Amino acid sequence: MSLSSRMIIVLTTVGLISGGFLAGVAKLTKERIALNIQAEIEEAIKEVVDDAEISTVLYEEEGLVIYRELEEDGDLAGFAIQAIGVGFQDKITLMFGLDETLTKITGLTIIDQKETPGLGAKITDWNAFLRFWEDRDATGPLSLRKPSVHTPEELLATEINSITAATISSRKVLEIVNLSLDKVRELIAKGKITDEEHDGN
Amino acid sequence: MATKTIRAEYLKGLWDENPVLRQILGLCPTLAVTGTVITGLAMGLATTFVLIFSSLVVSSIKKLIPAQVRIATYIVVIASFVTIADQFLKAFFYPISEALGPYVPLIVVNCIILGRQEAFSSRNSVGRSLIDALGMSTGFILTLLALSSIREILGAGTFLGYQVMGPWFKPWIIMILPAGGFITLGILLGIALTIESRTKRS
């Protein structure tokens, strides 16, 4: 057998065996991986919308998903917005909640980030950052409070606390939320999101 | 080639031919994921899995592979095991997989693995290749553990996530940043070379 035929046969065989093997592994793990991603999103929703039990995707585009959240008995619990945007180091994926009237942010959580450990990564810290996101005004753009304050009560309803030594990361989170809120307001104006649709009144 | 005892074949990976400290291979994951012990350990174990199975396959089929396409064949074999490791972590250890990010797929280009196929498994029996892979993996894991323990303890005051330093301790954040990886690796390499030159002299 010529050398070139041997090369072709060996590479093709190795490629086919490995491809077949990987297809099998993908089949075995696919469902579990999808469940993991789903569980991560559900957990994030529960952190930002109280009593959220039943999720429906209302709107979806690149980097933005809006969920309507119902309580167990079918009452509207609020809305959850999952958004992806550019951070200081890499993309930040976050989830924030809106109340039933779409006028107030109920909370925020970070799903994925690669900010500087020990500094920008504090955007995932409850005490340093996340607790300042409860009860924020969602009717207009939010602004960053700098220098930072110690308690949420010191902030205006339209303000977000910055993290000392990590202003850029905190500002990036704020920008992602502000951009998403712009989109939400645009969708409300177009009538694509309403707070009343669930029971038709 | 002089035949080593099985024991010597295994032990060489721990010190004399330690992939990181003596061969200076696989430095990308060594620097990138040793900010915490758990990610360092996970990377070590994933690399071990890929190295062992790649060595087994390559040493079993070495006589069938024409020399001209050997590297391409090794890469296909290695990439397959890396994909399996990546899928497995995503399915069963999702948080660790998220923390390791792109560094699991990047095991494909870890020179320790390709290097061992080219330098060892393609010239030795299946049994010896397995011992070699086990030794190199142990050396790699131990080095990652040393590096990540130093970085996590000094950089965060924790070990495997548990607080080990008292409240008096102010974490040296630089240790969990990339610079801390280079500093720690440099110090470990310095120590390894000093020990080596002293044992040679004596």
# chains A, B, ... in the order shown; residues from 1 in each chain; ligands from 1
call {"tool": "residues_around", "arguments": {"residues": "Val10 in chain A", "least_positions_apart": "5", "cutoff": "10 Å", "atoms": "only C-alpha atoms", "output": "list in words"}}
result
Ser4, Ser5, Gly15 and Leu16 of chain A; Ile61, Leu64, Ile65, Pro66, Val69, Arg70 and Thr73 of chain B
call {"tool": "write_last_selection", "arguments": {"atoms": "all heavy atoms", "output": "short mmCIF file (atom, residue, chain, number, x, y, z; two decimals), in the first residue's frame"}}
result
data_model
loop_
_atom_site.label_atom_id
_atom_site.label_comp_id
_atom_site.auth_asym_id
_atom_site.auth_seq_id
_atom_site.Cartn_x
_atom_site.Cartn_y
_atom_site.Cartn_z
N SER A 4 0.76 7.42 0.84
CA SER A 4 -0.35 8.38 0.94
C SER A 4 -1.67 7.69 1.27
O SER A 4 -2.48 8.20 2.03
CB SER A 4 -0.46 9.24 -0.32
OG SER A 4 -0.25 8.47 -1.44
N SER A 5 -1.88 6.48 0.69
CA SER A 5 -3.13 5.78 1.04
C SER A 5 -3.13 5.42 2.51
O SER A 5 -4.16 5.54 3.19
CB SER A 5 -3.31 4.48 0.24
OG SER A 5 -2.61 4.51 -0.93
N GLY A 15 -10.20 9.66 12.85
CA GLY A 15 -11.22 10.72 12.88
C GLY A 15 -12.62 10.15 13.06
O GLY A 15 -13.40 10.66 13.87
N LEU A 16 -12.92 9.08 12.32
CA LEU A 16 -14.26 8.49 12.39
C LEU A 16 -14.54 7.89 13.76
O LEU A 16 -15.59 8.12 14.36
CB LEU A 16 -14.42 7.41 11.32
CG LEU A 16 -14.66 7.91 9.89
CD1 LEU A 16 -14.70 6.74 8.92
CD2 LEU A 16 -15.97 8.71 9.82
N ILE B 61 -1.53 2.14 19.26
CA ILE B 61 -1.64 2.19 17.79
C ILE B 61 -0.38 2.76 17.14
O ILE B 61 -0.38 3.07 15.94
CB ILE B 61 -2.88 3.01 17.34
CG1 ILE B 61 -2.80 4.45 17.83
CG2 ILE B 61 -4.17 2.38 17.80
CD1 ILE B 61 -3.85 5.37 17.20
N LEU B 64 0.84 1.55 13.74
CA LEU B 64 -0.03 1.72 12.57
C LEU B 64 0.06 3.13 11.98
O LEU B 64 -0.36 3.37 10.86
CB LEU B 64 -1.50 1.47 12.97
CG LEU B 64 -1.81 0.10 13.58
CD1 LEU B 64 -3.23 0.09 14.14
CD2 LEU B 64 -1.65 -0.98 12.52
N ILE B 65 0.59 4.08 12.77
CA ILE B 65 0.56 5.48 12.33
C ILE B 65 1.79 5.83 11.50
O ILE B 65 2.91 5.72 11.99
CB ILE B 65 0.50 6.44 13.53
CG1 ILE B 65 -0.60 6.02 14.50
CG2 ILE B 65 0.30 7.88 13.10
CD1 ILE B 65 -0.56 6.75 15.82
N PRO B 66 1.60 6.26 10.24
CA PRO B 66 2.76 6.70 9.46
C PRO B 66 3.38 7.93 10.11
O PRO B 66 2.65 8.81 10.60
CB PRO B 66 2.16 7.06 8.09
CG PRO B 66 0.80 6.46 8.07
CD PRO B 66 0.35 6.37 9.48
N VAL B 69 2.03 11.62 9.59
CA VAL B 69 0.77 12.13 10.13
C VAL B 69 0.65 11.86 11.63
O VAL B 69 -0.43 11.93 12.20
CB VAL B 69 -0.47 11.53 9.40
CG1 VAL B 69 -0.56 12.04 7.98
CG2 VAL B 69 -0.47 10.02 9.44
N ARG B 70 1.79 11.56 12.26
CA ARG B 70 1.70 11.18 13.68
C ARG B 70 1.17 12.33 14.55
O ARG B 70 0.29 12.13 15.38
CB ARG B 70 3.03 10.65 14.20
CG ARG B 70 4.11 11.68 14.27
CD ARG B 70 5.45 11.07 14.67
NE ARG B 70 6.40 12.10 15.04
CZ ARG B 70 6.99 12.92 14.17
NH1 ARG B 70 6.72 12.82 12.88
NH2 ARG B 70 7.83 13.84 14.58
N THR B 73 -2.49 12.80 14.13
CA THR B 73 -3.22 11.72 14.79
C THR B 73 -3.25 11.93 16.30
O THR B 73 -4.30 11.78 16.94
CB THR B 73 -2.56 10.36 14.46
OG1 THR B 73 -2.30 10.31 13.07
CG2 THR B 73 -3.45 9.21 14.87
#
call {"tool": "residues_around", "arguments": {"residues": "range 34-40 of chain B", "least_positions_apart": "6", "cutoff": "7 Å", "atoms": "only C-alpha atoms", "output": "list in words"}}
result
Ile96, Leu100, Leu144, Leu145, Leu147, Ser148, Ser149, Arg151, Glu152, Phe159, Leu160 and Ile176 of chain B
call {"tool": "write_last_selection", "arguments": {"atoms": "N, CA, C and O atoms", "output": "mmCIF file, in the first residue's frame"}}
result
data_model
loop_
_atom_site.group_PDB
_atom_site.id
_atom_site.type_symbol
_atom_site.label_atom_id
_atom_site.label_comp_id
_atom_site.auth_asym_id
_atom_site.auth_seq_id
_atom_site.Cartn_x
_atom_site.Cartn_y
_atom_site.Cartn_z
ATOM 1 N N ILE B 96 -17.515 24.005 38.734
ATOM 2 C CA ILE B 96 -16.073 23.935 38.482
ATOM 3 C C ILE B 96 -15.788 24.182 37.001
ATOM 4 O O ILE B 96 -14.859 24.893 36.634
ATOM 5 N N LEU B 100 -13.386 27.069 35.494
ATOM 6 C CA LEU B 100 -12.219 26.803 34.655
ATOM 7 C C LEU B 100 -12.345 27.464 33.291
ATOM 8 O O LEU B 100 -11.353 27.701 32.615
ATOM 9 N N LEU B 144 0.652 21.895 40.756
ATOM 10 C CA LEU B 144 -0.519 22.787 40.768
ATOM 11 C C LEU B 144 -1.037 22.979 42.187
ATOM 12 O O LEU B 144 -1.438 24.074 42.571
ATOM 13 N N LEU B 145 -1.020 21.889 42.965
ATOM 14 C CA LEU B 145 -1.492 21.991 44.347
ATOM 15 C C LEU B 145 -0.600 22.924 45.165
ATOM 16 O O LEU B 145 -1.099 23.764 45.929
ATOM 17 N N LEU B 147 1.306 25.356 44.061
ATOM 18 C CA LEU B 147 1.127 26.724 43.577
ATOM 19 C C LEU B 147 -0.221 27.313 44.034
ATOM 20 O O LEU B 147 -0.299 28.427 44.549
ATOM 21 N N SER B 148 -1.288 26.503 43.874
ATOM 22 C CA SER B 148 -2.608 27.037 44.209
ATOM 23 C C SER B 148 -2.792 27.182 45.721
ATOM 24 O O SER B 148 -3.482 28.097 46.167
ATOM 25 N N SER B 149 -2.160 26.297 46.512
ATOM 26 C CA SER B 149 -2.285 26.437 47.973
ATOM 27 C C SER B 149 -1.645 27.744 48.409
ATOM 28 O O SER B 149 -2.247 28.519 49.171
ATOM 29 N N ARG B 151 -1.100 30.417 46.653
ATOM 30 C CA ARG B 151 -1.846 31.570 46.146
ATOM 31 C C ARG B 151 -3.162 31.771 46.881
ATOM 32 O O ARG B 151 -3.537 32.895 47.203
ATOM 33 N N GLU B 152 -3.884 30.661 47.145
ATOM 34 C CA GLU B 152 -5.184 30.829 47.805
ATOM 35 C C GLU B 152 -5.009 31.276 49.258
ATOM 36 O O GLU B 152 -5.736 32.162 49.733
ATOM 37 N N PHE B 159 -8.275 27.993 52.363
ATOM 38 C CA PHE B 159 -7.751 26.794 51.718
ATOM 39 C C PHE B 159 -8.954 25.916 51.381
ATOM 40 O O PHE B 159 -9.743 25.602 52.262
ATOM 41 N N LEU B 160 -9.112 25.611 50.105
ATOM 42 C CA LEU B 160 -10.301 24.897 49.617
ATOM 43 C C LEU B 160 -11.587 25.604 50.044
ATOM 44 O O LEU B 160 -12.602 24.974 50.311
ATOM 45 N N ILE B 176 -3.825 36.317 43.950
ATOM 46 C CA ILE B 176 -4.819 35.627 43.119
ATOM 47 C C ILE B 176 -4.963 36.302 41.760
ATOM 48 O O ILE B 176 -5.708 35.849 40.904
#
call {"tool": "closest_atom_pairs", "arguments": {"of": "chain A", "to": "chain B", "cutoff": "12 Å", "atoms": "only C-alpha atoms", "output": "CSV"}}
result
residue,atom,partner,partner_atom,distance
A:Met1,CA,B:Pro66,CA,11.9
A:Ser2,CA,B:Pro66,CA,10.9
A:Leu3,CA,B:Pro66,CA,7.6
A:Ser4,CA,B:Pro66,CA,9.2
A:Ser5,CA,B:Pro66,CA,10.3
A:Arg6,CA,B:Pro66,CA,7.1
A:Met7,CA,B:Pro66,CA,6.2
A:Ile8,CA,B:Val69,CA,9.0
A:Ile9,CA,B:Ile65,CA,9.7
A:Val10,CA,B:Ile65,CA,6.5
A:Leu11,CA,B:Thr73,CA,6.3
A:Thr12,CA,B:Thr73,CA,9.6
A:Thr13,CA,B:Thr73,CA,10.0
A:Val14,CA,B:Thr73,CA,7.0
A:Gly15,CA,B:Val76,CA,6.8
A:Leu16,CA,B:Val76,CA,10.2
A:Ile17,CA,B:Val77,CA,9.6
A:Ser18,CA,B:Ser80,CA,6.1
A:Gly19,CA,B:Ser80,CA,7.9
A:Gly20,CA,B:Ser80,CA,10.2
A:Phe21,CA,B:Ser80,CA,8.2
A:Leu22,CA,B:Ser80,CA,6.8
A:Ala23,CA,B:Ile84,CA,10.0
A:Gly24,CA,B:Ile84,CA,10.0
A:Val25,CA,B:Ile84,CA,6.7
A:Ala26,CA,B:Gln87,CA,7.1
A:Lys27,CA,B:Gln87,CA,10.2
A:Leu28,CA,B:Ala91,CA,9.3
A:Thr29,CA,B:Ala91,CA,5.8
A:Lys30,CA,B:Ala91,CA,7.7
A:Glu31,CA,B:Ala91,CA,8.4
A:Arg32,CA,B:Ala91,CA,5.3
A:Ile33,CA,B:Ala91,CA,4.6
A:Ala34,CA,B:Ala91,CA,8.4
A:Leu35,CA,B:Ala91,CA,8.6
A:Asn36,CA,B:Tyr94,CA,6.8
A:Ile37,CA,B:Tyr94,CA,8.5
A:Gln38,CA,B:Tyr94,CA,11.6
A:Ala39,CA,B:Tyr94,CA,10.6
A:Glu40,CA,B:Tyr94,CA,9.5
A:Asp90,CA,B:Gly101,CA,11.6
A:Ile111,CA,B:Glu98,CA,10.3
A:Asp112,CA,B:Glu98,CA,8.2
A:Gln113,CA,B:Ala99,CA,9.6
A:Lys114,CA,B:Ala99,CA,8.9
A:Glu115,CA,B:Leu177,CA,10.5
A:Thr116,CA,B:Leu177,CA,7.2
A:Pro117,CA,B:Leu177,CA,6.6
A:Gly118,CA,B:Ile173,CA,6.0
A:Leu119,CA,B:Ile173,CA,8.3
A:Gly120,CA,B:Leu177,CA,11.6
A:Ala121,CA,B:Leu177,CA,11.5
call {"tool": "closest_residue", "arguments": {"among": "A:Pro152, A:Gly191, A:Gly140, A:Gly63", "to": "Ile92 in chain A", "atoms": "only C-alpha atoms"}}
result
A:Gly63
call {"tool": "residues_around", "arguments": {"residues": "Thr151 in chain A", "least_positions_apart": "3", "cutoff": "10 Å", "atoms": "only C-alpha atoms", "output": "list in words"}}
result
Asn127, Ala128, Arg131, Phe132, Ser148, Glu154, Leu155 and Asn161 of chain A
call {"tool": "residues_around", "arguments": {"residues": "Ile113 in chain B", "least_positions_apart": "6", "cutoff": "12 Å", "atoms": "only C-alpha atoms", "output": "ChimeraX atom specification"}}
result
/B:19,25-26,46-56,58,71,74-75,77-79,81-82,106-107,119-121,129,132-134,136-137,140
call {"tool": "select_by_dssp", "arguments": {"residues": "range 19-98 of chain B", "states": "alpha helix (DSSP H)", "output": "ChimeraX atom specification"}}
result
/B:27-32,37-61,70-92,94-98
call {"tool": "select_by_dssp", "arguments": {"residues": "range 106-151 of chain A", "states": "strand (DSSP E)", "output": "JSON, numbers by chain"}}
result
{"A": [106, 107, 108, 109, 110, 111, 112, 136, 137, 143, 144, 145]}
call {"tool": "atom_distance", "arguments": {"atom1": "CA of Phe129 in chain A", "atom2": "CA of Ala179 in chain B"}}
result
25.8 Å
call {"tool": "atom_distance", "arguments": {"atom1": "CA of Thr138 in chain B", "atom2": "CA of Ser197 in chain B"}}
result
22.9 Å
call {"tool": "closest_residue", "arguments": {"among": "B:Thr30, B:Thr5, B:Arg128, B:Gly180", "to": "Ile153 in chain B", "atoms": "only C-alpha atoms"}}
result
B:Gly180
call {"tool": "residues_around", "arguments": {"residues": "Ser59 in chain B", "least_positions_apart": "6", "cutoff": "8 Å", "atoms": "only C-alpha atoms", "output": "PyMOL selection string"}}
result
chain B and resi 117+121-126+129
call {"tool": "closest_residue", "arguments": {"among": "A:Ala52, A:Ala83, A:Ala77, A:Leu102", "to": "Val65 in chain A", "atoms": "only C-alpha atoms"}}
result
A:Ala83
call {"tool": "closest_residue", "arguments": {"among": "B:Leu142, B:Val109, B:Leu45, B:Val104", "to": "Trp15 in chain B", "atoms": "only C-alpha atoms"}}
result
B:Leu142
